[in-house]
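Participant: Okay, so here is model35.txt, and as you'll see once you scroll down, it has compact mmCIF, C-alpha atoms.
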# COMPACT_ATOMS: atom_id res chain seq x y z
CA MET A 1 0.00 0.00 0.00
CA LYS A 2 0.95 3.68 -0.31
CA ARG A 3 1.08 6.23 2.48
CA ALA A 4 2.17 9.79 3.08
CA THR A 5 4.60 10.16 5.95
CA TYR A 6 6.92 12.64 7.64
CA ALA A 7 9.90 12.06 9.92
CA GLN A 8 10.41 15.64 11.09
CA PHE A 9 8.26 18.69 11.63
CA GLY A 10 8.44 21.46 9.06
CA ASN A 11 7.00 22.83 5.84
CA PRO A 12 4.68 20.08 4.51
CA ALA A 13 6.07 20.50 0.99
CA ASP A 14 9.56 19.70 2.32
CA VAL A 15 8.95 16.99 4.93
CA VAL A 16 5.99 14.91 3.63
CA THR A 17 6.96 12.05 1.33
CA LEU A 18 5.06 9.19 -0.31
CA GLU A 19 6.23 5.65 0.40
CA GLN A 20 5.29 2.03 -0.13
CA ALA A 21 4.52 -0.12 2.92
CA ASP A 22 3.16 -3.57 3.66
CA SER A 23 -0.56 -3.84 4.27
CA PRO A 24 -1.15 -3.97 8.05
CA ILE A 25 -2.37 -7.26 9.49
CA PRO A 26 -5.25 -6.88 11.97
CA GLY A 27 -4.64 -8.37 15.39
CA SER A 28 -7.17 -9.60 17.88
CA GLY A 29 -10.13 -7.19 18.04
CA GLN A 30 -8.84 -5.12 15.12
CA VAL A 31 -9.99 -4.49 11.57
CA ARG A 32 -8.13 -3.29 8.49
CA LEU A 33 -9.74 -0.31 6.77
CA ALA A 34 -9.32 0.91 3.20
CA VAL A 35 -9.51 4.71 3.32
CA GLN A 36 -12.01 6.07 0.79
CA ARG A 37 -11.82 9.81 1.42
CA ALA A 38 -9.65 12.01 3.65
CA PRO A 39 -10.09 15.79 3.89
CA MET A 40 -7.15 18.16 4.16
CA ASN A 41 -7.83 20.49 7.08
CA PRO A 42 -5.70 23.45 8.25
CA SER A 43 -5.06 21.53 11.48
CA ASP A 44 -3.49 18.67 9.49
CA LEU A 45 -0.96 21.03 7.90
CA LEU A 46 -0.28 22.77 11.21
CA GLN A 47 0.36 19.38 12.82
CA VAL A 48 2.94 18.53 10.17
CA GLN A 49 4.60 21.87 10.89
CA GLY A 50 4.72 20.99 14.59
CA VAL A 51 2.73 24.04 15.71
CA TYR A 52 -0.60 22.38 16.53
CA GLY A 53 -1.79 21.44 20.01
CA ILE A 54 -0.93 17.77 19.41
CA ARG A 55 2.53 16.69 18.23
CA PRO A 56 2.44 13.01 17.23
CA PRO A 57 5.48 10.77 17.73
CA LEU A 58 7.57 10.62 14.55
CA PRO A 59 7.58 9.23 11.97
CA ALA A 60 3.87 9.83 11.47
CA VAL A 61 1.19 9.66 8.80
CA PRO A 62 -0.86 12.88 8.46
CA GLY A 63 -4.64 12.98 8.36
CA ASN A 64 -6.98 13.27 11.32
CA GLU A 65 -10.27 12.31 9.69
CA GLY A 66 -11.81 10.33 6.87
CA ILE A 67 -14.09 7.46 5.99
CA ALA A 68 -13.15 3.91 5.10
CA ARG A 69 -14.42 0.45 4.27
CA VAL A 70 -13.71 -2.63 6.34
CA VAL A 71 -11.54 -5.00 4.28
CA ALA A 72 -10.27 -7.55 6.85
CA LEU A 73 -11.26 -8.72 10.32
CA GLY A 74 -8.95 -9.79 13.12
CA GLU A 75 -9.62 -12.62 15.52
CA GLY A 76 -12.61 -12.17 17.81
CA VAL A 77 -14.27 -9.39 15.83
CA ASP A 78 -18.03 -9.59 15.46
CA GLY A 79 -20.75 -7.10 14.65
CA VAL A 80 -18.63 -5.70 11.82
CA ALA A 81 -18.87 -6.83 8.21
CA GLU A 82 -16.36 -6.64 5.39
CA GLY A 83 -17.32 -3.88 2.96
CA GLN A 84 -19.04 -1.83 5.68
CA LEU A 85 -18.58 1.94 5.45
CA VAL A 86 -17.35 3.49 8.72
CA ILE A 87 -15.81 6.64 10.16
CA ALA A 88 -12.05 6.26 10.44
CA PRO A 89 -11.08 6.89 14.09
CA ALA A 90 -9.99 10.48 14.70
CA GLY A 91 -6.23 10.90 14.43
CA SER A 92 -5.66 7.53 12.75
CA GLY A 93 -3.48 8.86 9.92
CA THR A 94 -5.87 8.81 6.97
CA TRP A 95 -3.45 10.03 4.28
CA GLN A 96 -2.71 6.42 3.40
CA GLN A 97 -4.51 3.60 1.69
CA GLU A 98 -5.03 1.32 4.71
CA VAL A 99 -5.16 1.71 8.48
CA LEU A 100 -5.79 -0.54 11.47
CA ALA A 101 -8.49 0.29 13.99
CA PRO A 102 -10.10 -1.34 17.04
CA ALA A 103 -13.45 -2.76 15.98
CA THR A 104 -15.14 -1.42 19.11
CA VAL A 105 -14.60 2.26 18.20
CA LEU A 106 -16.01 2.09 14.67
CA VAL A 107 -19.06 4.20 13.83
CA PRO A 108 -21.03 2.76 10.89
CA LEU A 109 -22.23 5.04 8.13
CA PRO A 110 -25.10 4.76 5.66
CA GLU A 111 -24.35 4.42 1.97
CA ALA A 112 -24.57 8.05 0.89
CA ASP A 113 -22.38 10.77 -0.63
CA LEU A 114 -18.83 9.69 0.25
CA ASP A 115 -17.38 13.17 -0.26
CA GLN A 116 -19.75 14.84 2.19
CA LEU A 117 -19.58 12.02 4.74
CA ALA A 118 -15.77 12.19 4.66
CA MET A 119 -15.79 15.50 6.54
CA ILE A 120 -18.01 14.42 9.41
CA THR A 121 -15.35 14.11 12.12
CA VAL A 122 -14.02 17.68 12.42
CA ASN A 123 -15.97 20.58 10.94
CA PRO A 124 -19.63 19.54 11.41
CA PRO A 125 -19.26 18.64 15.12
CA THR A 126 -17.27 21.84 15.67
CA ALA A 127 -20.14 23.90 14.25
CA TRP A 128 -22.76 21.90 16.16
CA LEU A 129 -20.97 22.25 19.50
CA LEU A 130 -20.19 25.95 19.03
CA LEU A 131 -23.94 26.56 18.69
CA ASP A 132 -24.94 24.06 21.38
CA ASP A 133 -22.53 24.27 24.30
CA PHE A 134 -21.95 27.92 25.20
CA VAL A 135 -25.19 29.93 24.98
CA ASP A 136 -28.81 28.82 25.23
CA LEU A 137 -29.83 30.34 21.90
CA ALA A 138 -33.47 31.11 21.18
CA PRO A 139 -35.16 31.60 17.82
CA GLY A 140 -34.58 35.19 16.70
CA ASP A 141 -31.22 35.52 18.48
CA TRP A 142 -28.15 36.47 16.45
CA VAL A 143 -24.75 34.79 16.19
CA ILE A 144 -21.75 36.62 14.73
CA GLN A 145 -18.80 34.71 13.24
CA ASN A 146 -15.64 35.48 11.31
CA ALA A 147 -14.00 33.18 8.74
CA ALA A 148 -17.62 32.66 7.78
CA ASN A 149 -16.72 31.34 4.33
CA SER A 150 -14.80 28.43 5.89
CA ALA A 151 -16.28 24.95 6.11
CA VAL A 152 -17.12 25.45 9.80
CA GLY A 153 -18.69 28.80 8.97
CA GLY A 154 -20.90 27.25 6.32
CA TYR A 155 -22.08 24.53 8.67
CA VAL A 156 -22.85 27.19 11.32
CA VAL A 157 -25.04 29.07 8.82
CA GLN A 158 -27.02 25.93 7.96
CA LEU A 159 -27.42 24.65 11.52
CA ALA A 160 -28.33 28.08 12.92
CA ALA A 161 -31.02 28.56 10.27
CA GLU A 162 -32.52 25.21 11.24
CA ARG A 163 -32.85 26.51 14.82
CA GLY A 164 -34.30 29.87 13.78
CA VAL A 165 -31.10 31.64 14.83
CA LYS A 166 -29.82 34.43 12.57
CA THR A 167 -26.20 34.74 11.50
CA ILE A 168 -23.91 37.72 10.96
CA ASN A 169 -21.10 36.48 8.75
CA ILE A 170 -17.80 38.34 8.60
CA VAL A 171 -15.40 37.72 5.70
CA ARG A 172 -12.14 39.30 4.54
CA ARG A 173 -12.92 39.78 0.84
CA ASN A 174 -15.88 40.85 -1.29
CA SER A 175 -15.67 37.74 -3.45
CA ALA A 176 -16.91 35.61 -0.53
CA VAL A 177 -20.09 37.59 0.08
CA ALA A 178 -22.33 36.15 -2.65
CA MET A 179 -21.62 32.53 -1.69
CA LEU A 180 -22.65 33.07 1.93
CA ARG A 181 -25.79 34.97 0.98
CA ALA A 182 -26.76 32.13 -1.36
CA MET A 183 -26.19 29.66 1.47
CA GLY A 184 -28.64 31.54 3.70
CA GLY A 185 -26.44 33.88 5.74
CA ASP A 186 -28.74 36.60 7.09
CA LEU A 187 -26.09 39.34 7.07
CA VAL A 188 -22.73 39.14 5.30
CA LEU A 189 -20.16 41.90 5.82
CA VAL A 190 -16.52 42.46 4.93
CA ASP A 191 -14.47 43.06 8.09
CA GLY A 192 -13.25 46.54 8.88
CA PRO A 193 -12.75 49.12 11.66
CA ASP A 194 -16.39 50.26 11.57
CA LEU A 195 -17.79 46.72 11.82
CA ALA A 196 -19.78 47.33 15.04
CA ASP A 197 -21.54 50.37 13.58
CA ARG A 198 -22.49 48.52 10.38
CA VAL A 199 -23.78 45.54 12.33
CA ARG A 200 -25.94 47.62 14.67
CA ALA A 201 -27.34 49.59 11.71
CA VAL A 202 -28.93 46.33 10.54
CA VAL A 203 -29.55 44.40 13.75
CA GLY A 204 -30.78 47.34 15.83
CA ASP A 205 -31.86 46.08 19.25
CA GLY A 206 -31.59 42.42 18.26
CA LYS A 207 -29.73 40.20 20.71
CA ILE A 208 -26.26 39.18 19.51
CA ARG A 209 -25.51 36.61 22.19
CA LEU A 210 -22.69 34.57 20.71
CA GLY A 211 -19.49 35.37 18.80
CA LEU A 212 -17.47 32.64 17.08
CA ASP A 213 -13.85 33.53 16.37
CA ALA A 214 -11.43 31.59 14.17
CA VAL A 215 -9.13 34.50 13.36
CA GLY A 216 -7.96 36.26 16.53
CA GLY A 217 -6.26 39.64 16.49
CA ASP A 218 -8.29 42.80 15.93
CA SER A 219 -11.11 40.84 14.30
CA PHE A 220 -11.85 39.26 17.70
CA ALA A 221 -12.15 42.69 19.34
CA ARG A 222 -14.39 44.08 16.59
CA MET A 223 -16.80 41.16 16.92
CA ALA A 224 -16.82 41.38 20.72
CA ASP A 225 -17.82 45.04 20.40
CA THR A 226 -21.01 43.97 18.63
CA LEU A 227 -22.20 41.57 21.36
CA SER A 228 -25.16 42.30 23.59
CA THR A 229 -24.74 42.53 27.36
CA GLY A 230 -23.74 39.12 28.75
CA GLY A 231 -22.63 37.86 25.35
CA VAL A 232 -20.01 35.13 24.96
CA MET A 233 -17.04 35.11 22.61
CA VAL A 234 -15.76 31.63 21.74
CA SER A 235 -12.24 31.31 20.32
CA TYR A 236 -11.68 28.16 18.29
CA GLY A 237 -8.95 29.19 15.85
CA ALA A 238 -6.18 31.70 15.23
CA LEU A 239 -5.86 32.10 11.47
CA SER A 240 -4.24 35.52 11.77
CA GLY A 241 -1.56 34.26 14.14
CA ALA A 242 -2.14 37.35 16.27
CA PRO A 243 -3.33 37.35 19.91
CA ALA A 244 -7.04 38.03 20.39
CA THR A 245 -7.74 41.48 21.84
CA LEU A 246 -10.76 42.65 23.81
CA SER A 247 -11.84 46.18 24.75
CA ALA A 248 -12.40 47.23 28.34
CA GLN A 249 -15.85 48.51 27.31
CA ALA A 250 -16.86 45.00 26.28
CA THR A 251 -15.74 43.35 29.50
CA ILE A 252 -16.63 46.06 32.03
CA PHE A 253 -19.80 47.64 30.70
CA ARG A 254 -21.35 44.74 28.78
CA ASP A 255 -19.99 41.77 30.76
CA VAL A 256 -18.73 39.98 27.64
CA THR A 257 -16.94 36.74 28.55
CA VAL A 258 -14.44 34.66 26.60
CA ARG A 259 -14.36 30.88 26.22
CA GLY A 260 -12.13 28.54 24.26
CA PHE A 261 -13.06 25.48 22.23
CA TRP A 262 -10.83 22.66 20.97
CA LEU A 263 -12.52 19.64 19.41
CA ALA A 264 -9.71 17.29 20.48
CA ARG A 265 -10.43 18.10 24.11
CA TRP A 266 -14.15 17.54 23.57
CA PHE A 267 -13.37 14.06 22.20
CA GLU A 268 -11.39 13.33 25.37
CA GLN A 269 -13.99 14.65 27.82
CA ALA A 270 -17.41 13.93 26.30
CA ASP A 271 -19.12 10.71 27.36
CA GLN A 272 -20.30 8.13 24.85
CA PRO A 273 -24.01 9.08 24.96
CA ARG A 274 -23.14 12.71 24.12
CA LYS A 275 -20.89 11.65 21.24
CA ALA A 276 -23.61 9.33 19.93
CA GLU A 277 -26.15 12.15 20.15
CA VAL A 278 -23.99 14.64 18.25
CA PHE A 279 -22.83 12.27 15.53
CA GLY A 280 -26.24 10.67 15.16
CA ASN A 281 -27.73 14.08 14.41
CA LEU A 282 -24.94 14.97 11.98
CA ILE A 283 -24.91 11.65 10.11
CA GLN A 284 -28.64 11.89 9.50
CA ARG A 285 -28.39 15.44 8.16
CA ILE A 286 -25.39 14.81 5.92
CA ALA A 287 -26.68 11.50 4.55
CA THR A 288 -29.98 13.10 3.56
CA GLY A 289 -28.36 16.18 2.01
CA LYS A 290 -29.62 18.62 4.63
CA LEU A 291 -26.08 19.58 5.64
CA SER A 292 -23.21 19.97 3.19
CA THR A 293 -20.14 21.97 2.26
CA ALA A 294 -18.48 22.93 -0.99
CA ILE A 295 -15.70 20.74 -2.37
CA GLU A 296 -13.16 22.38 -4.66
CA ALA A 297 -10.92 19.47 -5.61
CA MET A 298 -10.09 15.83 -5.05
CA TYR A 299 -6.65 14.28 -5.51
CA PRO A 300 -5.25 10.75 -5.61
CA LEU A 301 -2.58 9.92 -3.05
CA ASP A 302 0.08 10.07 -5.80
CA GLN A 303 -0.56 13.82 -6.03
CA ILE A 304 -0.09 14.49 -2.32
CA HIS A 305 2.13 17.54 -2.84
CA GLU A 306 -0.27 19.15 -5.30
CA ALA A 307 -3.10 18.48 -2.86
CA MET A 308 -1.24 20.05 0.09
CA ALA A 309 -0.34 23.13 -1.96
CA HIS A 310 -3.99 23.52 -2.99
CA ALA A 311 -5.23 23.05 0.57
CA ALA A 312 -2.84 25.74 1.82
CA GLN A 313 -4.24 28.37 -0.55
CA GLY A 314 -6.05 31.16 1.26
CA GLU A 315 -8.79 31.87 -1.26
CA ARG A 316 -10.44 28.55 -1.96
CA ALA A 317 -14.13 28.03 -2.64
CA GLY A 318 -14.31 24.62 -0.96
CA LYS A 319 -12.50 21.73 0.70
CA VAL A 320 -9.66 19.67 -0.74
CA LEU A 321 -10.05 15.90 -0.41
CA LEU A 322 -7.77 12.91 -0.90
CA ALA A 323 -9.07 9.68 -2.45
CA PRO A 324 -6.34 7.25 -1.35
CA ASN A 325 -7.92 4.23 -3.02
CA GLY A 326 -9.30 5.97 -6.10
Written as structure tokens, that's how I'd like the structure from this file.

Facilitator:
Amino acid sequence: MKRATYAQFGNPADVVTLEQADSPIPGSGQVRLAVQRAPMNPSDLLQVQGVYGIRPPLPAVPGNEGIARVVALGEGVDGVAEGQLVIAPAGSGTWQQEVLAPATVLVPLPEADLDQLAMITVNPPTAWLLLDDFVDLAPGDWVIQNAANSAVGGYVVQLAAERGVKTINIVRRNSAVAMLRAMGGDLVLVDGPDLADRVRAVVGDGKIRLGLDAVGGDSFARMADTLSTGGVMVSYGALSGAPATLSAQATIFRDVTVRGFWLARWFEQADQPRKAEVFGNLIQRIATGKLSTAIEAMYPLDQIHEAMAHAAQGERAGKVLLAPNG
């Protein structure tokens, strides 16, 4: 089989190589999976660079999510069938053709759109939990988010609309506005120093109770200045690389609070019933086409460097996927 691998942290273009390896043999309680699709997320590239919150032991295979088919069963495995479509366990190194996994952790999937199902592990649960775990949102409330044209941002728009919650979507370029409006974003604005004034000119006395920040820096402060009294800012990314800033007016006079969210920690801390609830809801929506995201390109594993370069581009219109087995 083929797999991408890296033996040192650094620029993905320099340290990731493609190699041949023997197919893994499943041991007791294990299955061998053939990876069907594996998204390329910013966190994957950051992990290769060694600047993400988790640094895997080296050498390592990149890829923290994907979907796969069961192709071989180890001794003592039951309740799993060859050919079954499943979620590859988070962090299992999906930028390769085959992986081993414990049979007990597999989550079965319906036969539906492979490309959309492939992204179920990271971005959809992030969007779901950002809307679910920090503020008790009511229909008619507003949520403001930056990086709104990202995959997470698109899922937030769709899930918020389902709940009757309105979205204020902040982007960095005019070319992203039309896409978000077509998706159902209630208000789409290009970021700038006068953001709070432009937001309030539209929202008026509407309650903006939740801010979702993936950028940091001054963008964080501008969004916080739009929040209603008692609002919550949730930081889940730092695309700008700059520290998040917050005005004294927001904290003192409007009691704005700041929370952090990291999906890896949620996976560690959430109990099994909560995980089953979240993923059950998401699988149903994605499999029936009620929840989706744009896909810009798909690459075979042989074109791993072209795929990484594409995924690193700042102005994409959708996700980049790998199809390790064609």

Participant: Of the candidates A:Asn11, A:Gln84, A:Gln145, A:Ser28, which one gets nearest to A:Glu111 if we count only C-alpha atoms?

Facilitator: A:Gln84

Participant: With all atoms listed in the file as the basis for distance, which of A:Ala242, A:Val320, A:Val80, A:Leu291 is at the shortest distance from A:Pro42?

Facilitator: A:Val320

Participant: Given all atoms listed in the file as the basis, pick out the residue of A:Ala244, A:Ala264, A:Ile286, A:Val152 nearest to A:Ala90.

Facilitator: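 Of A:Ala244, A:Ala264, A:Ile286, A:Val152, the one nearest A:Ala90 is A:Ala264, counting all atoms listed in the file.
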
Participant: Using all atoms listed in the file, which residue out of A:Gln303, A:Asn325, A:Thr293, A:Gln36 lies closest to A:Leu114?

Facilitator: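 Comparing A:Gln303, A:Asn325, A:Thr293, A:Gln36 against A:Leu114, the winner is A:Gln36.
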
Participant: Between atom CA of A:Asp22 and atom CA of A:Ala7, what is the distance, to one decimal in Å?

Facilitator: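 Calculated distance between atom CA of A:Asp22 and atom CA of A:Ala7 is 18.1 Å.
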
Participant: Working from the structure I just supplied, which lacks atoms in stretch 205-216 of chain A, can you model all heavy atoms there and output them as an mmCIF file, keeping the file's coordinate frame?

Facilitator:
data_model
loop_
_atom_site.group_PDB
_atom_site.id
_atom_site.type_symbol
_atom_site.label_atom_id
_atom_site.label_comp_id
_atom_site.auth_asym_id
_atom_site.auth_seq_id
_atom_site.Cartn_x
_atom_site.Cartn_y
_atom_site.Cartn_z
ATOM 1 N N ASP A 205 -31.829 46.572 17.867
ATOM 2 C CA ASP A 205 -31.860 46.080 19.250
ATOM 3 C C ASP A 205 -31.850 44.562 19.350
ATOM 4 O O ASP A 205 -32.055 44.001 20.427
ATOM 5 C CB ASP A 205 -33.117 46.619 19.965
ATOM 6 C CG ASP A 205 -33.090 48.132 20.125
ATOM 7 O OD1 ASP A 205 -31.968 48.683 20.225
ATOM 8 O OD2 ASP A 205 -34.169 48.745 20.133
ATOM 9 N N GLY A 206 -31.631 43.876 18.226
ATOM 10 C CA GLY A 206 -31.590 42.420 18.260
ATOM 11 C C GLY A 206 -30.483 41.904 19.146
ATOM 12 O O GLY A 206 -29.440 42.538 19.307
ATOM 13 N N LYS A 207 -30.701 40.770 19.770
ATOM 14 C CA LYS A 207 -29.730 40.200 20.710
ATOM 15 C C LYS A 207 -28.652 39.412 19.960
ATOM 16 O O LYS A 207 -28.930 38.405 19.324
ATOM 17 C CB LYS A 207 -30.432 39.287 21.708
ATOM 18 C CG LYS A 207 -31.346 40.019 22.676
ATOM 19 C CD LYS A 207 -31.948 39.052 23.685
ATOM 20 C CE LYS A 207 -32.826 39.768 24.695
ATOM 21 N NZ LYS A 207 -33.420 38.827 25.684
ATOM 22 N N ILE A 208 -27.417 39.907 20.051
ATOM 23 C CA ILE A 208 -26.260 39.180 19.510
ATOM 24 C C ILE A 208 -25.586 38.523 20.708
ATOM 25 O O ILE A 208 -24.800 39.140 21.422
ATOM 26 C CB ILE A 208 -25.299 40.120 18.772
ATOM 27 C CG1 ILE A 208 -26.040 40.948 17.729
ATOM 28 C CG2 ILE A 208 -24.183 39.311 18.097
ATOM 29 C CD1 ILE A 208 -25.171 41.976 17.028
ATOM 30 N N ARG A 209 -25.886 37.267 20.934
ATOM 31 C CA ARG A 209 -25.510 36.610 22.190
ATOM 32 C C ARG A 209 -24.251 35.785 22.092
ATOM 33 O O ARG A 209 -23.682 35.395 23.113
ATOM 34 C CB ARG A 209 -26.675 35.751 22.668
ATOM 35 C CG ARG A 209 -27.989 36.538 22.821
ATOM 36 C CD ARG A 209 -29.069 35.693 23.441
ATOM 37 N NE ARG A 209 -28.661 35.180 24.728
ATOM 38 C CZ ARG A 209 -29.111 34.037 25.257
ATOM 39 N NH1 ARG A 209 -29.972 33.290 24.578
ATOM 40 N NH2 ARG A 209 -28.704 33.643 26.445
ATOM 41 N N LEU A 210 -23.813 35.491 20.873
ATOM 42 C CA LEU A 210 -22.690 34.570 20.710
ATOM 43 C C LEU A 210 -21.800 35.040 19.576
ATOM 44 O O LEU A 210 -22.277 35.374 18.490
ATOM 45 C CB LEU A 210 -23.226 33.158 20.415
ATOM 46 C CG LEU A 210 -22.208 32.042 20.187
ATOM 47 C CD1 LEU A 210 -21.375 31.782 21.454
ATOM 48 C CD2 LEU A 210 -22.924 30.753 19.752
ATOM 49 N N GLY A 211 -20.486 35.078 19.829
ATOM 50 C CA GLY A 211 -19.490 35.370 18.800
ATOM 51 C C GLY A 211 -18.562 34.189 18.633
ATOM 52 O O GLY A 211 -18.084 33.618 19.622
ATOM 53 N N LEU A 212 -18.304 33.803 17.384
ATOM 54 C CA LEU A 212 -17.470 32.640 17.080
ATOM 55 C C LEU A 212 -16.243 33.116 16.311
ATOM 56 O O LEU A 212 -16.355 33.600 15.179
ATOM 57 C CB LEU A 212 -18.257 31.611 16.262
ATOM 58 C CG LEU A 212 -19.599 31.175 16.865
ATOM 59 C CD1 LEU A 212 -20.322 30.233 15.918
ATOM 60 C CD2 LEU A 212 -19.388 30.535 18.233
ATOM 61 N N ASP A 213 -15.070 32.962 16.933
ATOM 62 C CA ASP A 213 -13.850 33.530 16.370
ATOM 63 C C ASP A 213 -12.864 32.457 15.959
ATOM 64 O O ASP A 213 -12.456 31.629 16.764
ATOM 65 C CB ASP A 213 -13.177 34.447 17.391
ATOM 66 C CG ASP A 213 -11.808 34.894 16.914
ATOM 67 O OD1 ASP A 213 -11.751 35.641 15.922
ATOM 68 O OD2 ASP A 213 -10.803 34.473 17.519
ATOM 69 N N ALA A 214 -12.461 32.495 14.676
ATOM 70 C CA ALA A 214 -11.430 31.590 14.170
ATOM 71 C C ALA A 214 -10.208 32.342 13.694
ATOM 72 O O ALA A 214 -9.303 31.751 13.119
ATOM 73 C CB ALA A 214 -11.993 30.759 13.017
ATOM 74 N N VAL A 215 -10.174 33.654 13.929
ATOM 75 C CA VAL A 215 -9.130 34.500 13.360
ATOM 76 C C VAL A 215 -8.205 35.087 14.409
ATOM 77 O O VAL A 215 -6.983 35.096 14.260
ATOM 78 C CB VAL A 215 -9.772 35.640 12.523
ATOM 79 C CG1 VAL A 215 -8.700 36.579 11.978
ATOM 80 C CG2 VAL A 215 -10.591 35.050 11.375
ATOM 81 N N GLY A 216 -8.762 35.594 15.510
ATOM 82 C CA GLY A 216 -7.960 36.260 16.530
ATOM 83 C C GLY A 216 -7.639 37.687 16.127
ATOM 84 O O GLY A 216 -8.253 38.268 15.221
#
